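Colleague: model_12.pdb is reproduced in full below (PDB, C-alpha atoms).
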```pdb
ATOM      1  CA  MET A  82      10.450  31.464  -4.008  1.00  0.00           C
ATOM      2  CA  ASN A  83       6.795  30.652  -3.335  1.00  0.00           C
ATOM      3  CA  LEU A  84       6.705  28.356  -6.353  1.00  0.00           C
ATOM      4  CA  LEU A  85       9.781  26.468  -5.113  1.00  0.00           C
ATOM      5  CA  TRP A  86       8.187  26.086  -1.699  1.00  0.00           C
ATOM      6  CA  VAL A  87       4.851  24.883  -3.116  1.00  0.00           C
ATOM      7  CA  VAL A  88       6.469  22.387  -5.493  1.00  0.00           C
ATOM      8  CA  GLY A  89       8.892  21.192  -2.826  1.00  0.00           C
ATOM      9  CA  THR A  90       6.176  20.791  -0.210  1.00  0.00           C
ATOM     10  CA  VAL A  91       3.873  18.940  -2.614  1.00  0.00           C
ATOM     11  CA  LEU A  92       6.687  16.595  -3.626  1.00  0.00           C
ATOM     12  CA  ALA A  93       7.722  16.045   0.006  1.00  0.00           C
ATOM     13  CA  GLY A  94       4.103  15.306   0.900  1.00  0.00           C
ATOM     14  CA  LEU A  95       3.754  12.925  -2.030  1.00  0.00           C
ATOM     15  CA  ASN A  96       6.958  11.132  -1.022  1.00  0.00           C
ATOM     16  CA  ALA A  97       5.844  10.913   2.614  1.00  0.00           C
ATOM     17  CA  GLY A  98       2.444   9.592   1.544  1.00  0.00           C
ATOM     18  CA  ILE A  99       3.987   6.940  -0.682  1.00  0.00           C
ATOM     19  CA  LEU A 100       6.281   5.863   2.142  1.00  0.00           C
ATOM     20  CA  VAL A 101       3.428   5.727   4.672  1.00  0.00           C
ATOM     21  CA  ALA A 102       1.359   3.686   2.209  1.00  0.00           C
ATOM     22  CA  GLY A 103       4.256   1.236   1.866  1.00  0.00           C
ATOM     23  CA  LEU A 104       4.542   1.035   5.639  1.00  0.00           C
ATOM     24  CA  LEU A 105       0.828   0.324   6.068  1.00  0.00           C
ATOM     25  CA  GLU A 106       0.874  -2.125   3.195  1.00  0.00           C
ATOM     26  CA  GLY A 107       3.757  -4.016   4.776  1.00  0.00           C
ATOM     27  CA  PHE A 108       1.953  -4.078   8.106  1.00  0.00           C
ATOM     28  CA  TYR A 109      -1.232  -5.484   6.609  1.00  0.00           C
ATOM     29  CA  LEU A 110       0.552  -7.923   4.309  1.00  0.00           C
ATOM     30  CA  ARG A 111       2.850  -9.433   6.909  1.00  0.00           C
ATOM     31  CA  GLY A 112       0.335 -12.243   7.422  1.00  0.00           C
ATOM     32  CA  VAL A 113       0.237 -13.260   3.760  1.00  0.00           C
ATOM     33  CA  GLY A 114       2.683 -15.647   2.194  1.00  0.00           C
ATOM     34  CA  LEU A 115       5.744 -14.578   0.260  1.00  0.00           C
ATOM     35  CA  SER A 116       4.122 -15.369  -3.077  1.00  0.00           C
ATOM     36  CA  ALA A 117       1.221 -12.957  -2.485  1.00  0.00           C
ATOM     37  CA  TYR A 118       3.619 -10.328  -1.152  1.00  0.00           C
ATOM     38  CA  LEU A 119       5.872 -10.575  -4.222  1.00  0.00           C
ATOM     39  CA  GLN A 120       2.905 -10.285  -6.570  1.00  0.00           C
ATOM     40  CA  MET A 121       2.222  -6.892  -4.975  1.00  0.00           C
ATOM     41  CA  HIS A 122       5.815  -5.787  -4.401  1.00  0.00           C
ATOM     42  CA  GLN A 123       7.349  -6.488  -7.811  1.00  0.00           C
ATOM     43  CA  PRO A 124       5.034  -4.287  -9.940  1.00  0.00           C
ATOM     44  CA  ARG A 125       5.091  -1.524  -7.308  1.00  0.00           C
ATOM     45  CA  ASP A 126       8.889  -1.563  -7.304  1.00  0.00           C
ATOM     46  CA  ALA A 127       8.973  -1.397 -11.113  1.00  0.00           C
ATOM     47  CA  LEU A 128       6.769   1.710 -11.027  1.00  0.00           C
ATOM     48  CA  PHE A 129       8.754   3.367  -8.235  1.00  0.00           C
ATOM     49  CA  ARG A 130      12.079   2.745 -10.019  1.00  0.00           C
ATOM     50  CA  ARG A 131      10.822   5.040 -12.781  1.00  0.00           C
ATOM     51  CA  MET A 132       8.920   7.536 -10.654  1.00  0.00           C
ATOM     52  CA  MET A 133      10.942   8.122  -7.496  1.00  0.00           C
ATOM     53  CA  PRO A 134      14.324   9.306  -8.868  1.00  0.00           C
ATOM     54  CA  PRO A 135      12.873  12.349 -10.688  1.00  0.00           C
ATOM     55  CA  LEU A 136      10.521  13.067  -7.777  1.00  0.00           C
ATOM     56  CA  LEU A 137      13.293  12.997  -5.176  1.00  0.00           C
ATOM     57  CA  LEU A 138      15.844  14.832  -7.325  1.00  0.00           C
ATOM     58  CA  THR A 139      13.328  17.610  -8.046  1.00  0.00           C
ATOM     59  CA  LEU A 140      12.506  17.790  -4.339  1.00  0.00           C
ATOM     60  CA  MET A 141      16.197  18.116  -3.494  1.00  0.00           C
ATOM     61  CA  VAL A 142      16.647  20.887  -6.083  1.00  0.00           C
ATOM     62  CA  CYS A 143      13.665  22.740  -4.581  1.00  0.00           C
ATOM     63  CA  CYS A 144      15.178  22.448  -1.104  1.00  0.00           C
ATOM     64  CA  LEU A 145      18.547  23.746  -2.270  1.00  0.00           C
ATOM     65  CA  GLY A 146      16.847  26.583  -4.153  1.00  0.00           C
ATOM     66  CA  LEU A 147      15.008  27.582  -0.989  1.00  0.00           C
ATOM     67  CA  VAL A 148      18.268  27.487   0.957  1.00  0.00           C
ATOM     68  CA  ALA A 149      19.917  29.769  -1.606  1.00  0.00           C
ATOM     69  CA  LEU A 150      16.995  32.204  -1.692  1.00  0.00           C
ATOM     70  CA  THR A 151      16.702  32.472   2.084  1.00  0.00           C
ATOM     71  CA  PHE A 152      20.372  32.072   3.030  1.00  0.00           C
ATOM     72  CA  GLY A 153      21.175  33.694   6.348  1.00  0.00           C
ATOM     73  CA  THR A 154      17.684  33.283   7.791  1.00  0.00           C
ATOM     74  CA  GLY A 155      16.079  30.695  10.020  1.00  0.00           C
ATOM     75  CA  ARG A 156      13.949  29.570   7.103  1.00  0.00           C
ATOM     76  CA  ALA A 157      17.067  28.476   5.239  1.00  0.00           C
ATOM     77  CA  TRP A 158      17.793  26.015   8.040  1.00  0.00           C
ATOM     78  CA  LEU A 159      14.391  24.368   7.582  1.00  0.00           C
ATOM     79  CA  ALA A 160      15.022  23.921   3.867  1.00  0.00           C
ATOM     80  CA  LEU A 161      18.533  22.608   4.568  1.00  0.00           C
ATOM     81  CA  ILE A 162      17.171  20.144   7.114  1.00  0.00           C
ATOM     82  CA  ALA A 163      14.586  18.960   4.582  1.00  0.00           C
ATOM     83  CA  PHE A 164      17.352  18.521   1.999  1.00  0.00           C
ATOM     84  CA  ALA A 165      19.501  16.533   4.462  1.00  0.00           C
ATOM     85  CA  LEU A 166      16.553  14.280   5.360  1.00  0.00           C
ATOM     86  CA  VAL A 167      15.767  13.578   1.700  1.00  0.00           C
ATOM     87  CA  LEU A 168      19.455  12.969   0.984  1.00  0.00           C
ATOM     88  CA  ALA A 169      19.601  10.471   3.860  1.00  0.00           C
ATOM     89  CA  ASP A 170      16.496   8.761   2.445  1.00  0.00           C
ATOM     90  CA  VAL A 171      18.082   8.564  -1.007  1.00  0.00           C
ATOM     91  CA  LEU A 172      21.335   7.150   0.384  1.00  0.00           C
ATOM     92  CA  ILE A 173      19.507   4.495   2.411  1.00  0.00           C
ATOM     93  CA  THR A 174      17.407   3.651  -0.621  1.00  0.00           C
ATOM     94  CA  VAL A 175      20.306   3.356  -3.051  1.00  0.00           C
ATOM     95  CA  ARG A 176      22.721   1.566  -0.711  1.00  0.00           C
ATOM     96  CA  LEU A 177      20.308  -0.728   1.162  1.00  0.00           C
ATOM     97  CA  MET A 178      16.794  -0.849  -0.271  1.00  0.00           C
ATOM     98  CA  VAL A 179      17.519  -1.117  -4.001  1.00  0.00           C
ATOM     99  CA  PRO A 180      19.674  -4.245  -3.551  1.00  0.00           C
ATOM    100  CA  LEU A 181      16.856  -5.810  -1.517  1.00  0.00           C
ATOM    101  CA  ASN A 182      14.333  -4.827  -4.193  1.00  0.00           C
ATOM    102  CA  VAL A 183      16.563  -6.396  -6.853  1.00  0.00           C
ATOM    103  CA  GLN A 184      16.623  -9.627  -4.848  1.00  0.00           C
ATOM    104  CA  LEU A 185      12.855  -9.552  -4.341  1.00  0.00           C
ATOM    105  CA  GLY A 186      12.388  -8.855  -8.040  1.00  0.00           C
ATOM    106  CA  SER A 187      14.521 -11.833  -9.026  1.00  0.00           C
ATOM    107  CA  TYR A 188      12.198 -14.358  -7.384  1.00  0.00           C
ATOM    108  CA  ASP A 189       9.430 -16.102  -9.269  1.00  0.00           C
ATOM    109  CA  ALA A 190       6.390 -14.658  -7.502  1.00  0.00           C
ATOM    110  CA  LEU A 191       4.472 -17.905  -7.918  1.00  0.00           C
ATOM    111  CA  LYS A 192       7.318 -20.136  -6.634  1.00  0.00           C
ATOM    112  CA  PRO A 193       9.599 -17.965  -4.474  1.00  0.00           C
ATOM    113  CA  LEU A 194      12.668 -19.374  -2.789  1.00  0.00           C
ATOM    114  CA  PRO A 195      12.461 -19.690   1.015  1.00  0.00           C
ATOM    115  CA  GLU A 196      15.305 -17.181   1.577  1.00  0.00           C
ATOM    116  CA  GLY A 197      12.981 -14.546   0.134  1.00  0.00           C
ATOM    117  CA  GLU A 198      11.320 -14.304   3.556  1.00  0.00           C
ATOM    118  CA  GLU A 199      14.584 -13.047   5.073  1.00  0.00           C
ATOM    119  CA  VAL A 200      14.946 -10.434   2.326  1.00  0.00           C
ATOM    120  CA  ARG A 201      11.333  -9.373   2.925  1.00  0.00           C
ATOM    121  CA  ARG A 202      12.021  -9.078   6.654  1.00  0.00           C
ATOM    122  CA  ARG A 203      15.098  -6.892   6.081  1.00  0.00           C
ATOM    123  CA  TRP A 204      13.124  -4.682   3.677  1.00  0.00           C
ATOM    124  CA  SER A 205      10.323  -4.340   6.232  1.00  0.00           C
ATOM    125  CA  THR A 206      12.838  -3.437   8.946  1.00  0.00           C
ATOM    126  CA  LEU A 207      14.435  -0.630   6.909  1.00  0.00           C
ATOM    127  CA  HIS A 208      11.286   0.890   5.415  1.00  0.00           C
ATOM    128  CA  PRO A 209      10.056   2.580   8.642  1.00  0.00           C
ATOM    129  CA  LEU A 210      13.344   4.502   8.790  1.00  0.00           C
ATOM    130  CA  ARG A 211      12.744   5.877   5.299  1.00  0.00           C
ATOM    131  CA  THR A 212       9.158   6.694   6.228  1.00  0.00           C
ATOM    132  CA  GLY A 213      10.319   8.721   9.221  1.00  0.00           C
ATOM    133  CA  LEU A 214      12.857  10.619   7.126  1.00  0.00           C
ATOM    134  CA  GLY A 215      10.266  11.396   4.462  1.00  0.00           C
ATOM    135  CA  GLY A 216       7.704  12.521   7.020  1.00  0.00           C
ATOM    136  CA  LEU A 217      10.183  14.798   8.768  1.00  0.00           C
ATOM    137  CA  ALA A 218      11.251  16.335   5.446  1.00  0.00           C
ATOM    138  CA  PHE A 219       7.621  17.146   4.722  1.00  0.00           C
ATOM    139  CA  VAL A 220       7.135  18.692   8.170  1.00  0.00           C
ATOM    140  CA  SER A 221      10.303  20.747   7.754  1.00  0.00           C
ATOM    141  CA  LEU A 222       9.096  22.185   4.446  1.00  0.00           C
ATOM    142  CA  ALA A 223       5.597  22.764   5.802  1.00  0.00           C
ATOM    143  CA  MET A 224       7.111  24.746   8.688  1.00  0.00           C
ATOM    144  CA  PHE A 225       9.136  26.805   6.167  1.00  0.00           C
ATOM    145  CA  SER A 226       6.052  28.883   5.412  1.00  0.00           C
ATOM    146  CA  LEU A 227       5.403  29.823   9.062  1.00  0.00           C
TER     147      LEU A 227
END
```
Would you mind writing the file out in structure tokens?
Modeller:
Amino acid sequence: MNLLWVVGTVLAGLNAGILVAGLLEGFYLRGVGLSAYLQMHQPRDALFRRMMPPLLLTLMVCCLGLVALTFGTGRAWLALIAFALVLADVLITVRLMVPLNVQLGSYDALKPLPEGEEVRRRWSTLHPLRTGLGGLAFVSLAMFSL
């Protein structure tokens, strides 16, 4: 059980950190043009498309394992809450963020179409929600050990 908790907490912390970095990046890059933004966003999205599914699926398995191993205790609720938060993050990502990332990835970064600014704005509006979910999942798993 300790190994599941350690792995789950590390993965939740890594996810939360990645999401916070994206939030800060978006905040600092809001003053740059779309072309500069896309030159940063497109390679980052390509990396995250490969990295995030296994990270989040492993995190969800750890959460469910902790629920099973501590079923009937208050600790199980913390693991279940963490699982629900990560699941909500995944659903928002798959249903809303991935289509926006596909649109952003389809633009020529050196000559983006003007409607790309609206897609960027929608992405920047949704990302703080994911960041909050990821941060709360990390806190929930960190509290599991108390």
Colleague: Can you pull out the residues contacting region 139-148 of chain A? Cut-off 9 Å, using all atoms listed in the file, and skip same-chain residues under 3 positions away; I want them as a PDB file with C-alpha atoms, keeping the file's coordinate frame.
Modeller:
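See result16.pdb below for the written result:
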```pdb
ATOM      1  CA  MET A  82      10.450  31.464  -4.008  1.00  0.00           C
ATOM      2  CA  LEU A  85       9.781  26.468  -5.113  1.00  0.00           C
ATOM      3  CA  TRP A  86       8.187  26.086  -1.699  1.00  0.00           C
ATOM      4  CA  VAL A  88       6.469  22.387  -5.493  1.00  0.00           C
ATOM      5  CA  GLY A  89       8.892  21.192  -2.826  1.00  0.00           C
ATOM      6  CA  THR A  90       6.176  20.791  -0.210  1.00  0.00           C
ATOM      7  CA  VAL A  91       3.873  18.940  -2.614  1.00  0.00           C
ATOM      8  CA  LEU A  92       6.687  16.595  -3.626  1.00  0.00           C
ATOM      9  CA  ALA A  93       7.722  16.045   0.006  1.00  0.00           C
ATOM     10  CA  PRO A 134      14.324   9.306  -8.868  1.00  0.00           C
ATOM     11  CA  PRO A 135      12.873  12.349 -10.688  1.00  0.00           C
ATOM     12  CA  LEU A 136      10.521  13.067  -7.777  1.00  0.00           C
ATOM     13  CA  THR A 151      16.702  32.472   2.084  1.00  0.00           C
ATOM     14  CA  PHE A 152      20.372  32.072   3.030  1.00  0.00           C
ATOM     15  CA  GLY A 153      21.175  33.694   6.348  1.00  0.00           C
ATOM     16  CA  THR A 154      17.684  33.283   7.791  1.00  0.00           C
ATOM     17  CA  ARG A 156      13.949  29.570   7.103  1.00  0.00           C
ATOM     18  CA  ALA A 157      17.067  28.476   5.239  1.00  0.00           C
ATOM     19  CA  TRP A 158      17.793  26.015   8.040  1.00  0.00           C
ATOM     20  CA  LEU A 159      14.391  24.368   7.582  1.00  0.00           C
ATOM     21  CA  ALA A 160      15.022  23.921   3.867  1.00  0.00           C
ATOM     22  CA  LEU A 161      18.533  22.608   4.568  1.00  0.00           C
ATOM     23  CA  ILE A 162      17.171  20.144   7.114  1.00  0.00           C
ATOM     24  CA  ALA A 163      14.586  18.960   4.582  1.00  0.00           C
ATOM     25  CA  PHE A 164      17.352  18.521   1.999  1.00  0.00           C
ATOM     26  CA  ALA A 165      19.501  16.533   4.462  1.00  0.00           C
ATOM     27  CA  VAL A 167      15.767  13.578   1.700  1.00  0.00           C
ATOM     28  CA  LEU A 168      19.455  12.969   0.984  1.00  0.00           C
ATOM     29  CA  LEU A 222       9.096  22.185   4.446  1.00  0.00           C
TER      30      LEU A 222
END
```
Colleague: So, with all atoms listed in the file as the atoms that count, which of A:Thr206, A:Asn96, A:Ser226, A:Asn182 lies closest to Leu166 (chain A)?
Modeller: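 Closest to Leu166 (chain A), using all atoms listed in the file: A:Asn96.
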Colleague: Taking 3 positions as the minimum chain separation for residues in the same chain, which residues sit within 7 Å of Ala190 (chain A) when counting only C-alpha atoms? Answer as a list of chain:residue names.
Modeller: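 Everything that qualifies: A:Ser116, A:Leu119, A:Gln120, A:Pro193.
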Colleague: Take the residues just selected and output them with C-alpha atoms as a tab-separated table (two decimals), in the coordinates of the input.
Modeller:
```tsv
chain	number	residue	atom	x	y	z
A	116	SER	CA	4.12	-15.37	-3.08
A	119	LEU	CA	5.87	-10.58	-4.22
A	120	GLN	CA	2.90	-10.28	-6.57
A	193	PRO	CA	9.60	-17.96	-4.47
```
Colleague: Report the residues retrieved by the PyMOL selection byres ((chain A and resi 185) around 10) from the displayed file, expressed as number ranges by chain.
Modeller: A: 115, 118-119, 122-123, 126, 179-184, 186-190, 193-194, 196-198, 200-201, 204
Colleague: Evaluate the PyMOL selection byres ((chain A and resi 207) around 12) against this structure - the residues, as a ChimeraX atom specification, please.
Modeller: /A:100,103-104,107,170,173-174,176-179,181-182,200-206,208-214
Colleague: What is the CA of Leu227 (chain A)-CA of Leu172 (chain A) distance in Å, reported with one decimal?
Modeller: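 Taking CA of Leu227 (chain A) and CA of Leu172 (chain A), their separation equals 29.0 Å.
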Colleague: So how far away is CA of Gly98 (chain A) from CA of Ala149 (chain A), in Å?
Modeller: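 That distance, rounded to one decimal, is 26.9 Å.
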Colleague: What is the distance between CA of Leu191 (chain A) and CA of Met132 (chain A), in Å to one decimal?
Modeller: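 Between CA of Leu191 (chain A) and CA of Met132 (chain A) the gap works out to 26.0 Å.
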Colleague: Tell me which of A:Leu105, A:Val87, A:Ala127, A:Leu110 sits closest to Phe225 (chain A), counting all atoms listed in the file.
Modeller: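 Of all the options, A:Val87 lies closest to Phe225 (chain A).
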Colleague: Please put the answer as AutoDock Vina command-line options: centre and edge lengths, in Å with one decimal, of a box along x, y and z that encloses all listed atoms of region 222-227 of chain A plus 6 Å on each side.
Modeller:
```
--center_x 7.3 --center_y 26.0 --center_z 6.8 --size_x 15.7 --size_y 19.6 --size_z 16.6
```
